[in-house]
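K.L.:
Contents are compact mmCIF, C-alpha atoms; file name data_31.txt:
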```txt
# COMPACT_ATOMS: atom_id res chain seq x y z
CA MET A 1 91.23 -41.91 234.28
CA CYS A 2 90.03 -44.19 237.05
CA LEU A 3 86.94 -44.93 235.00
CA ALA A 4 85.99 -48.59 235.20
CA ILE A 5 82.84 -50.07 233.72
CA PRO A 6 80.83 -53.09 234.83
CA VAL A 7 81.13 -55.87 232.26
CA ARG A 8 79.91 -59.49 232.21
CA ILE A 9 82.36 -62.33 231.65
CA ILE A 10 81.37 -64.51 228.67
CA SER A 11 84.24 -67.00 228.78
CA VAL A 12 87.58 -67.47 230.53
CA ASN A 13 90.80 -68.90 229.13
CA GLY A 14 93.61 -68.78 231.69
CA THR A 15 94.14 -65.13 232.64
CA SER A 16 92.25 -63.86 229.57
CA ALA A 17 88.53 -63.47 229.32
CA GLU A 18 85.99 -62.39 226.76
CA VAL A 19 83.57 -59.91 228.27
CA ASP A 20 80.31 -58.24 227.27
CA ALA A 21 80.58 -54.49 227.73
CA ASN A 22 77.03 -53.28 227.24
CA GLY A 23 76.62 -55.35 224.07
CA VAL A 24 80.19 -54.99 222.80
CA LYS A 25 82.55 -57.96 223.05
CA ARG A 26 85.96 -57.17 224.43
CA ALA A 27 89.04 -58.92 225.80
CA ALA A 28 89.91 -58.51 229.45
CA ASP A 29 92.89 -59.61 231.50
CA VAL A 30 91.53 -61.28 234.63
CA ARG A 31 94.77 -62.10 236.48
CA PHE A 32 93.70 -60.01 239.52
CA ILE A 33 90.38 -61.83 239.93
CA ASP A 34 89.96 -64.87 242.16
CA ASN A 35 88.26 -67.71 240.34
CA PRO A 36 86.68 -65.77 237.45
CA LYS A 37 83.68 -67.50 235.86
CA ALA A 38 81.29 -66.92 232.98
CA GLY A 39 78.40 -64.80 234.24
CA ASP A 40 80.48 -62.90 236.82
CA TYR A 41 80.43 -59.12 236.58
CA VAL A 42 83.80 -57.37 236.88
CA LEU A 43 84.99 -53.76 236.69
CA LEU A 44 87.02 -53.19 233.51
CA HIS A 45 89.78 -50.56 233.49
CA ALA A 46 92.41 -50.20 230.73
CA GLY A 47 91.95 -53.78 229.56
CA PHE A 48 92.09 -55.34 233.03
CA ALA A 49 89.40 -56.54 235.41
CA ILE A 50 90.31 -54.76 238.65
CA GLU A 51 87.67 -56.28 240.92
CA LYS A 52 84.69 -58.60 240.90
CA ILE A 53 81.34 -56.95 241.55
CA ASP A 54 79.67 -58.52 244.55
CA ARG A 55 76.08 -59.31 243.55
CA ASP A 56 74.85 -59.79 247.12
CA GLN A 57 76.36 -56.52 248.31
CA ALA A 58 74.84 -54.65 245.36
CA ALA A 59 71.42 -56.14 246.08
CA GLU A 60 71.74 -55.31 249.78
CA THR A 61 72.72 -51.69 249.09
CA LEU A 62 69.71 -51.28 246.77
CA ALA A 63 67.30 -52.98 249.15
CA LEU A 64 68.43 -50.78 252.04
CA LEU A 65 68.19 -47.63 249.94
CA LYS A 66 64.69 -48.56 248.75
CA ASP A 67 63.61 -49.35 252.27
CA ILE A 68 64.77 -46.10 253.80
CA TYR A 69 64.79 -43.46 251.13
CA TYR A 70 62.38 -44.28 248.34
CA GLU A 71 60.09 -41.34 247.62
CA GLU A 72 57.39 -41.28 244.92
CA MET B 1 71.19 -56.48 237.45
CA ARG B 2 73.54 -54.46 235.22
CA TYR B 3 74.92 -52.37 238.09
CA ILE B 4 74.18 -49.01 236.44
CA ASP B 5 70.50 -48.09 235.97
CA GLU B 6 69.48 -49.43 239.37
CA PHE B 7 71.69 -46.81 240.99
CA ARG B 8 70.14 -43.95 239.03
CA ASP B 9 66.62 -44.39 240.36
CA ARG B 10 64.69 -41.12 240.59
CA GLY B 11 62.72 -42.11 243.67
CA LEU B 12 65.89 -43.01 245.55
CA VAL B 13 67.57 -39.76 244.54
CA LYS B 14 64.60 -37.77 245.85
CA GLY B 15 64.60 -39.61 249.15
CA LEU B 16 68.35 -39.22 249.63
CA VAL B 17 68.25 -35.49 248.89
CA ARG B 18 65.40 -35.08 251.39
CA ASP B 19 67.50 -36.76 254.10
CA ILE B 20 70.60 -34.74 253.20
CA GLU B 21 68.50 -31.57 253.54
CA SER B 22 67.33 -32.49 257.00
CA ALA B 23 70.75 -33.75 258.20
CA SER B 24 72.71 -30.79 256.89
CA THR B 25 72.31 -28.03 259.44
CA ARG B 26 75.61 -26.22 258.98
CA LYS B 27 77.99 -25.43 256.17
CA THR B 28 79.99 -28.54 255.23
CA ASN B 29 82.96 -28.72 252.86
CA LEU B 30 83.25 -32.13 251.22
CA MET B 31 86.11 -32.89 248.87
CA GLU B 32 86.19 -35.51 246.14
CA VAL B 33 89.68 -36.65 245.19
CA CYS B 34 88.81 -38.52 242.02
CA GLY B 35 88.35 -36.98 238.59
CA THR B 36 85.81 -39.65 237.69
CA HIS B 37 83.73 -38.50 240.68
CA THR B 38 84.12 -34.87 239.58
CA MET B 39 82.69 -35.73 236.17
CA ALA B 40 79.95 -37.95 237.60
CA ILE B 41 78.87 -35.19 239.99
CA PHE B 42 78.64 -32.57 237.25
CA ARG B 43 77.08 -34.84 234.64
CA SER B 44 74.32 -35.97 236.96
CA GLY B 45 73.53 -32.43 238.12
CA ILE B 46 73.97 -33.37 241.79
CA ARG B 47 75.41 -29.95 242.68
CA ARG B 48 72.16 -28.30 241.67
CA ILE B 49 69.90 -30.44 243.83
CA LEU B 50 71.95 -30.30 247.03
CA PRO B 51 71.13 -27.76 249.75
CA ALA B 52 73.38 -24.67 249.75
CA SER B 53 74.99 -25.81 253.01
CA VAL B 54 76.74 -28.70 251.24
CA ASN B 55 79.80 -27.42 249.40
CA LEU B 56 81.45 -29.91 247.05
CA ILE B 57 85.10 -29.17 246.31
CA SER B 58 87.21 -30.94 243.70
CA GLY B 59 90.68 -31.96 244.85
CA PRO B 60 93.78 -33.37 243.14
CA GLY B 61 91.98 -36.37 241.62
CA CYS B 62 92.81 -36.09 237.95
CA PRO B 63 96.07 -37.92 237.19
CA VAL B 64 96.83 -35.95 234.05
CA CYS B 65 96.23 -32.67 235.90
CA VAL B 66 98.53 -33.44 238.83
CA THR B 67 101.43 -34.48 236.56
CA SER B 68 104.11 -31.85 237.07
CA GLN B 69 105.23 -29.52 234.31
CA SER B 70 108.76 -30.99 234.53
CA ASP B 71 107.40 -34.48 233.88
CA ILE B 72 105.37 -33.20 230.90
CA ASP B 73 108.52 -31.56 229.49
CA ARG B 74 110.52 -34.77 229.91
CA MET B 75 107.79 -36.70 228.09
CA LEU B 76 107.95 -34.15 225.28
CA TYR B 77 111.72 -34.62 225.09
CA LEU B 78 111.21 -38.37 224.70
CA ALA B 79 108.58 -37.76 222.00
CA GLY B 80 111.04 -35.56 220.10
CA ARG B 81 113.65 -38.32 219.76
CA LYS B 82 113.94 -40.08 216.41
CA ASP B 83 114.30 -43.55 217.95
CA THR B 84 111.05 -43.62 219.97
CA ILE B 85 107.37 -44.41 219.58
CA ILE B 86 105.38 -42.80 222.38
CA THR B 87 102.33 -44.67 223.61
CA THR B 88 99.86 -42.92 225.90
CA PHE B 89 96.30 -42.63 227.11
CA GLY B 90 94.49 -40.01 225.00
CA ASP B 91 94.04 -37.46 227.77
CA MET B 92 97.75 -36.56 227.74
CA LEU B 93 97.82 -35.42 224.14
CA LYS B 94 96.83 -31.76 224.47
CA VAL B 95 98.49 -31.02 227.82
CA PRO B 96 100.70 -27.99 227.26
CA GLY B 97 104.30 -28.33 228.37
CA THR B 98 106.62 -25.35 228.63
CA GLU B 99 107.09 -25.11 224.87
CA SER B 100 104.99 -27.72 223.13
CA SER B 101 102.50 -30.55 223.60
CA LEU B 102 102.35 -34.15 222.47
CA GLU B 103 99.73 -33.12 219.94
CA LYS B 104 102.06 -30.52 218.43
CA LYS B 105 104.96 -32.97 218.45
CA HIS B 106 102.72 -35.44 216.64
CA ALA B 107 101.79 -32.82 214.05
CA SER B 108 105.47 -32.21 213.38
CA GLY B 109 106.19 -35.87 212.77
CA ALA B 110 106.74 -37.58 216.12
CA ASP B 111 105.35 -41.11 216.32
CA ILE B 112 102.80 -40.87 219.13
CA ARG B 113 100.06 -43.48 219.50
CA ILE B 114 97.02 -43.48 221.74
CA VAL B 115 96.38 -46.81 223.40
CA TYR B 116 93.40 -48.07 225.38
CA SER B 117 95.50 -50.45 227.46
CA PRO B 118 99.23 -50.65 228.21
CA LEU B 119 98.95 -54.19 226.80
CA ASP B 120 98.53 -52.52 223.40
CA ALA B 121 101.77 -50.61 224.01
CA LEU B 122 103.59 -53.88 224.63
CA ALA B 123 102.14 -55.29 221.39
CA ILE B 124 103.44 -52.22 219.53
CA ALA B 125 106.89 -52.92 221.00
CA GLU B 126 106.80 -56.51 219.75
CA ALA B 127 105.72 -55.34 216.28
CA ASN B 128 108.42 -52.66 216.04
CA PRO B 129 111.69 -54.24 217.19
CA ARG B 130 113.84 -51.44 215.74
CA LYS B 131 112.10 -48.71 217.72
CA LYS B 132 112.10 -47.96 221.43
CA ILE B 133 108.53 -47.87 222.69
CA VAL B 134 107.85 -45.60 225.66
CA PHE B 135 104.61 -45.83 227.59
CA LEU B 136 103.69 -42.69 229.54
CA ALA B 137 102.42 -44.06 232.81
CA VAL B 138 100.20 -41.61 234.63
CA GLY B 139 97.51 -42.67 237.02
CA PHE B 140 96.70 -43.60 240.57
CA GLU B 141 96.42 -46.98 242.27
CA THR B 142 93.67 -48.11 239.88
CA THR B 143 96.10 -48.02 236.98
CA ALA B 144 99.45 -48.78 238.65
CA PRO B 145 98.89 -52.56 239.08
CA ILE B 146 98.03 -52.79 235.38
CA ILE B 147 101.25 -51.07 234.34
CA ALA B 148 103.12 -53.30 236.82
CA SER B 149 101.62 -56.37 235.14
CA VAL B 150 102.70 -55.21 231.71
CA ILE B 151 106.25 -54.50 232.93
CA SER B 152 106.31 -57.97 234.48
CA ASP B 153 105.04 -59.47 231.19
CA ALA B 154 107.74 -57.59 229.27
CA ALA B 155 110.37 -59.08 231.59
CA GLU B 156 108.97 -62.57 231.15
CA LYS B 157 108.86 -62.25 227.36
CA LYS B 158 112.37 -60.69 227.43
CA ILE B 159 111.19 -57.70 225.41
CA SER B 160 114.11 -55.31 225.11
CA ASN B 161 112.52 -52.26 223.46
CA PHE B 162 109.70 -51.41 225.91
CA PHE B 163 110.14 -48.63 228.47
CA VAL B 164 107.88 -46.90 230.95
CA TYR B 165 108.08 -43.25 231.94
CA CYS B 166 106.56 -43.62 235.36
CA CYS B 167 104.58 -40.82 237.02
CA HIS B 168 102.28 -42.95 239.17
CA LYS B 169 101.00 -41.31 242.31
CA THR B 170 99.19 -42.52 245.39
CA ILE B 171 96.05 -40.81 246.66
CA PRO B 172 96.16 -41.13 250.48
CA ALA B 173 99.52 -39.31 250.53
CA ALA B 174 97.99 -36.37 248.66
CA MET B 175 94.99 -36.25 251.03
CA LYS B 176 97.39 -36.05 253.97
CA ALA B 177 99.45 -33.31 252.29
CA LEU B 178 96.29 -31.27 251.63
CA LEU B 179 95.19 -31.52 255.25
CA GLU B 180 98.65 -30.51 256.44
CA THR B 181 98.66 -27.31 254.37
CA ARG B 182 95.57 -26.16 256.35
CA GLU B 183 94.70 -23.87 253.43
CA ILE B 184 91.16 -25.13 253.36
CA ARG B 185 88.74 -26.68 255.85
CA ILE B 186 87.79 -30.16 254.73
CA ASP B 187 84.88 -31.70 256.69
CA GLY B 188 84.92 -34.98 254.82
CA PHE B 189 86.46 -36.87 251.91
CA LEU B 190 84.53 -38.73 249.21
CA CYS B 191 87.20 -41.38 248.68
CA PRO B 192 87.75 -42.71 245.16
CA GLY B 193 85.87 -45.94 244.43
CA HIS B 194 88.16 -47.66 241.98
CA VAL B 195 91.42 -46.65 243.67
CA SER B 196 89.85 -48.21 246.75
CA SER B 197 88.94 -51.42 244.89
CA ILE B 198 92.72 -51.89 244.77
CA ILE B 199 94.00 -50.39 248.05
CA GLY B 200 90.99 -51.13 250.28
CA SER B 201 89.40 -48.99 252.98
CA ARG B 202 92.17 -49.52 255.54
CA ALA B 203 94.46 -47.28 253.51
CA TYR B 204 92.47 -44.22 254.66
CA GLU B 205 92.16 -45.09 258.33
CA PHE B 206 95.03 -42.78 259.33
CA ILE B 207 93.17 -39.83 257.79
CA ALA B 208 90.12 -40.41 259.99
CA ARG B 209 92.20 -41.25 263.08
CA ASP B 210 95.04 -38.69 262.92
CA PHE B 211 93.18 -35.77 261.33
CA ASN B 212 89.69 -36.49 262.61
CA VAL B 213 88.26 -36.13 259.10
CA PRO B 214 85.34 -38.39 258.04
CA CYS B 215 85.95 -40.56 254.97
CA ALA B 216 83.50 -42.55 252.83
CA ILE B 217 84.36 -44.58 249.74
CA SER B 218 81.88 -43.84 246.99
CA GLY B 219 80.61 -45.50 243.84
CA PHE B 220 79.99 -43.44 240.72
CA GLU B 221 76.23 -43.45 240.12
CA PRO B 222 73.98 -40.68 241.49
CA THR B 223 72.54 -42.68 244.40
CA ASP B 224 76.07 -43.82 245.32
CA ILE B 225 77.36 -40.27 245.53
CA LEU B 226 74.30 -38.97 247.41
CA GLU B 227 74.46 -41.81 249.93
CA THR B 228 78.16 -41.07 250.47
CA ILE B 229 77.43 -37.38 251.06
CA LEU B 230 74.80 -38.36 253.62
CA MET B 231 77.27 -40.70 255.37
CA LEU B 232 79.83 -37.90 255.64
CA ILE B 233 77.32 -35.32 256.90
CA ARG B 234 76.09 -37.77 259.55
CA GLN B 235 79.62 -38.59 260.71
CA LYS B 236 80.37 -34.89 261.06
CA LYS B 237 77.10 -34.22 262.87
CA ASP B 238 77.69 -37.06 265.33
CA GLY B 239 81.28 -35.93 265.94
CA ARG B 240 82.64 -39.18 264.50
CA ALA B 241 85.45 -39.73 262.00
CA CYS B 242 85.86 -43.16 260.47
CA VAL B 243 86.15 -44.79 257.05
CA GLU B 244 82.82 -46.03 255.70
CA ILE B 245 82.40 -48.01 252.50
CA GLN B 246 79.38 -46.97 250.45
CA TYR B 247 80.67 -48.76 247.33
CA LYS B 248 80.42 -52.17 249.00
CA ARG B 249 79.77 -54.01 245.76
CA ALA B 250 83.32 -53.27 244.58
CA VAL B 251 85.45 -52.41 247.62
CA GLN B 252 86.71 -54.56 250.45
CA GLU B 253 88.61 -53.57 253.59
CA GLN B 254 91.81 -55.20 252.38
CA GLY B 255 91.45 -54.19 248.72
CA ASN B 256 92.49 -56.47 245.88
CA VAL B 257 95.39 -58.46 247.34
CA LYS B 258 96.61 -59.86 244.00
CA ALA B 259 96.70 -56.40 242.42
CA LYS B 260 98.49 -54.93 245.44
CA GLU B 261 101.09 -57.71 245.32
CA MET B 262 101.76 -57.04 241.66
CA MET B 263 102.12 -53.31 242.35
CA ASP B 264 104.56 -53.99 245.22
CA ARG B 265 106.60 -56.42 243.17
CA VAL B 266 107.35 -53.90 240.42
CA PHE B 267 107.12 -50.51 242.14
CA GLU B 268 108.44 -48.97 245.34
CA PRO B 269 107.33 -45.75 247.05
CA SER B 270 109.20 -42.61 246.06
CA ASP B 271 108.83 -38.86 246.31
CA GLY B 272 106.08 -37.74 243.95
CA ASP B 273 106.09 -34.35 242.21
CA TRP B 274 102.51 -33.02 242.05
CA ARG B 275 101.33 -29.98 240.15
CA GLY B 276 99.85 -27.70 242.77
CA LEU B 277 101.12 -29.61 245.77
CA GLY B 278 104.84 -29.89 245.01
CA VAL B 279 107.01 -32.82 246.05
CA ILE B 280 105.31 -35.08 248.61
CA HIS B 281 107.33 -37.74 250.41
CA ASP B 282 106.40 -41.31 249.43
CA SER B 283 103.47 -40.18 247.27
CA GLY B 284 104.82 -41.57 244.02
CA LEU B 285 105.78 -44.97 242.67
CA LYS B 286 109.05 -45.75 240.96
CA ILE B 287 110.19 -48.89 239.20
CA ARG B 288 112.20 -51.22 241.45
CA LYS B 289 115.84 -52.08 240.66
CA ALA B 290 114.90 -55.59 239.52
CA TYR B 291 112.86 -54.04 236.67
CA ARG B 292 115.13 -51.07 236.07
CA PHE B 293 115.73 -52.17 232.50
CA PHE B 294 112.19 -51.00 231.65
CA ASP B 295 112.57 -47.60 233.31
CA ALA B 296 112.67 -44.87 230.63
CA THR B 297 114.68 -42.61 232.94
CA ALA B 298 117.41 -45.29 233.05
CA GLU B 299 117.35 -45.97 229.30
CA PHE B 300 117.38 -42.37 228.05
CA ARG B 301 119.64 -39.59 229.20
CA ILE B 302 117.05 -36.85 229.65
CA PRO B 303 118.72 -33.42 229.81
CA ALA B 304 117.94 -30.92 232.56
CA LEU B 305 115.02 -28.81 231.35
CA GLN B 306 113.70 -25.50 232.69
CA ALA B 307 109.98 -26.10 233.22
CA LYS B 308 107.69 -23.09 233.38
CA GLU B 309 103.99 -23.18 234.12
CA PRO B 310 101.72 -21.05 231.93
CA ARG B 311 101.38 -17.45 233.11
CA GLY B 312 98.13 -16.68 234.88
CA CYS B 313 97.07 -20.35 235.02
CA ALA B 314 95.44 -21.25 238.33
CA CYS B 315 95.56 -25.03 237.92
CA ALA B 316 97.80 -25.27 241.01
CA GLU B 317 95.20 -23.53 243.21
CA VAL B 318 92.28 -25.36 241.58
CA LEU B 319 93.94 -28.70 242.33
CA ARG B 320 94.30 -27.75 246.01
CA GLY B 321 90.64 -26.74 246.13
CA ILE B 322 91.42 -23.13 247.15
CA LYS B 323 90.16 -21.62 243.89
CA THR B 324 87.22 -22.56 241.72
CA PRO B 325 87.85 -22.41 237.96
CA ARG B 326 85.72 -19.26 237.75
CA GLN B 327 88.19 -17.53 240.05
CA CYS B 328 90.90 -18.00 237.40
CA GLY B 329 91.34 -14.98 235.10
CA LEU B 330 91.83 -17.20 232.05
CA PHE B 331 88.83 -19.49 232.55
CA ALA B 332 86.46 -19.58 229.56
CA LYS B 333 88.10 -16.43 228.17
CA THR B 334 91.46 -17.40 226.72
CA CYS B 335 91.53 -20.87 228.30
CA THR B 336 88.97 -23.25 226.77
CA PRO B 337 89.00 -26.97 225.89
CA GLU B 338 90.00 -25.96 222.34
CA THR B 339 92.85 -23.71 223.51
CA PRO B 340 93.77 -24.94 226.98
CA PHE B 341 96.43 -23.20 229.06
CA GLY B 342 96.59 -25.77 231.83
CA PRO B 343 95.86 -29.48 232.21
CA CYS B 344 92.68 -29.01 234.27
CA MET B 345 91.05 -27.68 231.10
CA VAL B 346 92.52 -30.44 228.93
CA SER B 347 91.66 -33.65 230.66
CA THR B 348 88.10 -34.88 230.37
CA GLU B 349 88.28 -35.31 234.13
CA GLY B 350 89.82 -31.93 234.85
CA THR B 351 87.92 -29.59 237.16
CA CYS B 352 88.09 -26.69 234.69
CA ALA B 353 86.86 -28.89 231.83
CA ALA B 354 83.94 -30.02 234.01
CA TRP B 355 83.02 -26.43 234.95
CA PHE B 356 83.37 -25.34 231.32
CA LYS B 357 81.02 -28.06 230.13
CA TYR B 358 78.41 -27.98 232.88
CA ASN B 359 78.76 -24.83 234.99
CA ARG B 360 80.16 -22.07 232.83
CA ASN B 361 77.66 -19.31 233.64
```
Could you express the structure from this file as structure tokens?

P.N.:
Amino acid sequence: MCLAIPVRIISVNGTSAEVDANGVKRAADVRFIDNPKAGDYVLLHAGFAIEKIDRDQAAETLALLKDIYYEE
Amino acid sequence: MRYIDEFRDRGLVKGLVRDIESASTRKTNLMEVCGTHTMAIFRSGIRRILPASVNLISGPGCPVCVTSQSDIDRMLYLAGRKDTIITTFGDMLKVPGTESSLEKKHASGADIRIVYSPLDALAIAEANPRKKIVFLAVGFETTAPIIASVISDAAEKKISNFFVYCCHKTIPAAMKALLETREIRIDGFLCPGHVSSIIGSRAYEFIARDFNVPCAISGFEPTDILETILMLIRQKKDGRACVEIQYKRAVQEQGNVKAKEMMDRVFEPSDGDWRGLGVIHDSGLKIRKAYRFFDATAEFRIPALQAKEPRGCACAEVLRGIKTPRQCGLFAKTCTPETPFGPCMVSTEGTCAAWFKYNRN
């Protein structure tokens, strides 16, 4: 029930946004998101964006993992 | 980056498991308190690649499952009224109450509609002015701010036929209650990622500080969960207990301030009634007086009902982590996803449903 999926914002109109959920266009309420912009990734849960996904943090997590743990 | 495939990388999984193997020198009980984690762990097969010393236990993380039998019965009463349309997330439909279920009520003519978002429930209210629309609000802090927003919207639009039956619960209170029962040794908590997107990591600090139990907030992909397990094992090994954030791309220390403000505006803490754990002080959310008009318990006079849990059902023990589904006499015999006795077999995030699908034999 706490499932939330990463979606990409296509356009924003006030507190509503159109998002791309893995190829499917959907509406999302973005009232909880600071300064939502086209191109931002957010987590979508029950029609609402609950948090912006931090691109730099994601890249850092992956880079660290690859550095330390990667095994062929 | 699409934030999914990158975190399923085989090479990373291998490396993480290797490090977990070398760090894990003694038996460690780690509990996840999020049904979405339970499903992610089973679906990805993580349990099978971990060393035997790491024991993953599912806790009270499925909102449908922890809803008390009395609340289910009161929802069924509301569904049985002629003047209502019930709106709900799909997982609630098959949950057996004392005498019926929403699915059975629907089959006998009750107007029950599955919605994807509570916004849809509000739209149904606007389209059906002669009916009273009740939304069954179950869920943790991920969902509560969304329901709060919709209640606030209903107030702004002056909608007079929309009501919420509110069973929202808060996760840190349940973690504390579990630790206080001392029924089970918990060496670390995998804290729920999306609940934490809202409440932030600070909400768990008292668990680490007062109970000396390591906490780490996890994402939902395989490398997220494995990295979190490694964080917890290392904390335990070093004799530390703090709150780490593994899911840094979506969780901040302070959480989502706007969402928390919305939740606080509409709801206030109240005693929550949990299946398996009983009534826990300040573990629930109720609708504040200012929004009382939208509270289904204020609108409808719900009679006193005698709730009984199904005989032989071990959901209560499964939710506390003291029994595995296989230790329940009904599991996979009379109780199956087709003919569920208790909610843990009904919900797609229930522990019994997960064991039935992925770990039956």

K.L.:
If you take all atoms listed in the file and a cut-off of 9 Å, which residues of chain A touch chain B, and what are their nearest atom pairs and distances in Å to one decimal, in chain and number order, as a Markdown table?

P.N.:
```
| residue | atom | partner | partner_atom | distance |
| --- | --- | --- | --- | --- |
| A:Met1 | CA | B:Thr36 | CA | 6.8 |
| A:Cys2 | CA | B:Thr142 | CA | 6.1 |
| A:Leu3 | CA | B:Thr36 | CA | 6.0 |
| A:Ala4 | CA | B:His194 | CA | 7.2 |
| A:Pro6 | CA | B:Tyr3 | CA | 6.8 |
| A:Val7 | CA | B:Arg2 | CA | 8.3 |
| A:Arg8 | CA | B:Arg2 | CA | 8.7 |
| A:Asn22 | CA | B:Arg2 | CA | 8.8 |
| A:Arg31 | CA | B:Lys258 | CA | 8.1 |
| A:Phe32 | CA | B:Lys258 | CA | 5.3 |
| A:Ile33 | CA | B:Lys258 | CA | 7.7 |
| A:Asp34 | CA | B:Lys258 | CA | 8.5 |
| A:Tyr41 | CA | B:Arg2 | CA | 8.4 |
| A:Val42 | CA | B:Ala250 | CA | 8.7 |
| A:Leu43 | CA | B:Ala250 | CA | 8.1 |
| A:His45 | CA | B:Thr143 | CA | 7.7 |
| A:Ala46 | CA | B:Ser117 | CA | 4.5 |
| A:Gly47 | CA | B:Ser117 | CA | 5.3 |
| A:Phe48 | CA | B:Ile146 | CA | 6.9 |
| A:Ile50 | CA | B:Ile198 | CA | 7.2 |
| A:Glu51 | CA | B:Ser197 | CA | 6.4 |
| A:Lys52 | CA | B:Ala250 | CA | 6.6 |
| A:Ile53 | CA | B:Ala250 | CA | 5.2 |
| A:Asp54 | CA | B:Arg249 | CA | 4.7 |
| A:Arg55 | CA | B:Arg249 | CA | 6.8 |
| A:Asp56 | CA | B:Arg249 | CA | 7.7 |
| A:Gln57 | CA | B:Arg249 | CA | 4.9 |
| A:Ala58 | CA | B:Arg249 | CA | 5.0 |
| A:Ala59 | CA | B:Arg249 | CA | 8.6 |
| A:Thr61 | CA | B:Lys248 | CA | 7.7 |
| A:Leu62 | CA | B:Phe7 | CA | 7.6 |
| A:Leu65 | CA | B:Leu12 | CA | 6.8 |
| A:Lys66 | CA | B:Leu12 | CA | 6.5 |
| A:Ile68 | CA | B:Gly15 | CA | 8.0 |
| A:Tyr69 | CA | B:Gly15 | CA | 4.3 |
| A:Tyr70 | CA | B:Leu12 | CA | 4.7 |
| A:Glu71 | CA | B:Gly11 | CA | 4.8 |
| A:Glu72 | CA | B:Gly11 | CA | 5.5 |
```

K.L.:
Using Å and a single decimal, report how far atom CA of Pro325 of chain B sits from atom CA of Gly90 of chain B.

P.N.:
22.8 Å

K.L.:
Might I get the box with edges along x, y and z of the file that holds all atoms of segment 23-30 of chain A listed there, padded by 5 Å on every side, given as centre and edge lengths in Å to one decimal, as lines of an AutoDock Vina configuration file?

P.N.:
```
center_x = 84.8
center_y = -58.1
center_z = 228.7
size_x = 26.3
size_y = 16.3
size_z = 21.8
```

K.L.:
To one decimal place in Å, what is the distance between atom CA of Ile86 of chain B and atom CA of Ser108 of chain B?

P.N.:
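These two atoms are separated by 13.9 Å.
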
K.L.:
Name the residues, using the chain letters and numbers of the file, that sit within 9 Å of (99.3, -41.5, 222.9) when counting only C-alpha atoms, and give them as a list in words.

P.N.:
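So the residues meeting the distance criterion are Ile86, Thr87, Thr88, Phe89, Gly90, Asp91, Met92, Leu93, Leu102, Glu103, Asp111, Ile112, Arg113, Ile114, Val115, Phe135 and Leu136 of chain B.
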
K.L.:
What's around segment 275-282 of chain B at 12 Å? Count all atoms listed in the file, leave out sequence neighbours fewer than 5 positions away in its own chain, and write the answer as number ranges by chain.

P.N.:
B: 59-72, 167-181, 183, 267-270, 307-309, 313-323, 342-344

K.L.:
For atom CA of Pro337 of chain B and atom CA of Arg74 of chain B, determine how far apart the two atoms are, in Å to one decimal place.

P.N.:
23.2 Å

K.L.:
Check the smallest atom-to-atom distance from each of B:Lys94, B:Ile159, B:Thr28, B:Glu99 to Ala123 of chain B using all atoms listed in the file, then report the winner.

P.N.:
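Smallest distance to Ala123 of chain B is found for B:Ile159.
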
K.L.:
Around the point (81.7, -67.8, 233.9) (coordinates from the file), which residues reach within 8 Å if we count all atoms listed in the file? Answer as JSON, numbers by chain.

P.N.:
{"A": [9, 10, 11, 12, 36, 37, 38, 39, 40]}

K.L.:
Which polymer residues have any atom within 10 Å of an atom of Pro129 of chain B, counting all atoms listed in the file, with same-chain residues fewer than 2 positions away left out, as a list in words?

P.N.:
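After dropping sequence-adjacent residues, the list is Ile124, Ala125, Glu126, Ala127, Lys131, Lys132, Ile133, Ile159, Ser160, Asn161 and Phe162 of chain B.
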
K.L.:
Rebuild segment 35-43 of chain A so that it carries N, CA and C atoms, then output the result as a PDB file, in the frame of the given file.

P.N.:
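Written file, result.pdb:
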```pdb
ATOM      1  N   ASN A  35      89.226 -66.782 240.884  1.00  0.00           N
ATOM      2  CA  ASN A  35      88.260 -67.710 240.340  1.00  0.00           C
ATOM      3  C   ASN A  35      87.209 -67.071 239.421  1.00  0.00           C
ATOM      4  N   PRO A  36      87.656 -66.417 238.342  1.00  0.00           N
ATOM      5  CA  PRO A  36      86.680 -65.770 237.450  1.00  0.00           C
ATOM      6  C   PRO A  36      85.865 -66.800 236.666  1.00  0.00           C
ATOM      7  N   LYS A  37      84.555 -66.547 236.554  1.00  0.00           N
ATOM      8  CA  LYS A  37      83.680 -67.500 235.860  1.00  0.00           C
ATOM      9  C   LYS A  37      82.746 -66.771 234.898  1.00  0.00           C
ATOM     10  N   ALA A  38      82.290 -67.495 233.878  1.00  0.00           N
ATOM     11  CA  ALA A  38      81.290 -66.920 232.980  1.00  0.00           C
ATOM     12  C   ALA A  38      80.088 -66.491 233.807  1.00  0.00           C
ATOM     13  N   GLY A  39      79.551 -65.299 233.496  1.00  0.00           N
ATOM     14  CA  GLY A  39      78.400 -64.800 234.240  1.00  0.00           C
ATOM     15  C   GLY A  39      78.782 -63.809 235.327  1.00  0.00           C
ATOM     16  N   ASP A  40      80.024 -63.868 235.811  1.00  0.00           N
ATOM     17  CA  ASP A  40      80.480 -62.900 236.820  1.00  0.00           C
ATOM     18  C   ASP A  40      80.528 -61.504 236.200  1.00  0.00           C
ATOM     19  N   TYR A  41      80.208 -60.497 236.997  1.00  0.00           N
ATOM     20  CA  TYR A  41      80.430 -59.120 236.580  1.00  0.00           C
ATOM     21  C   TYR A  41      81.743 -58.631 237.189  1.00  0.00           C
ATOM     22  N   VAL A  42      82.554 -57.952 236.372  1.00  0.00           N
ATOM     23  CA  VAL A  42      83.800 -57.370 236.880  1.00  0.00           C
ATOM     24  C   VAL A  42      83.883 -55.909 236.431  1.00  0.00           C
ATOM     25  N   LEU A  43      84.761 -55.146 237.093  1.00  0.00           N
ATOM     26  CA  LEU A  43      84.990 -53.760 236.690  1.00  0.00           C
ATOM     27  C   LEU A  43      86.188 -53.726 235.745  1.00  0.00           C
TER      28      LEU A  43
END
```
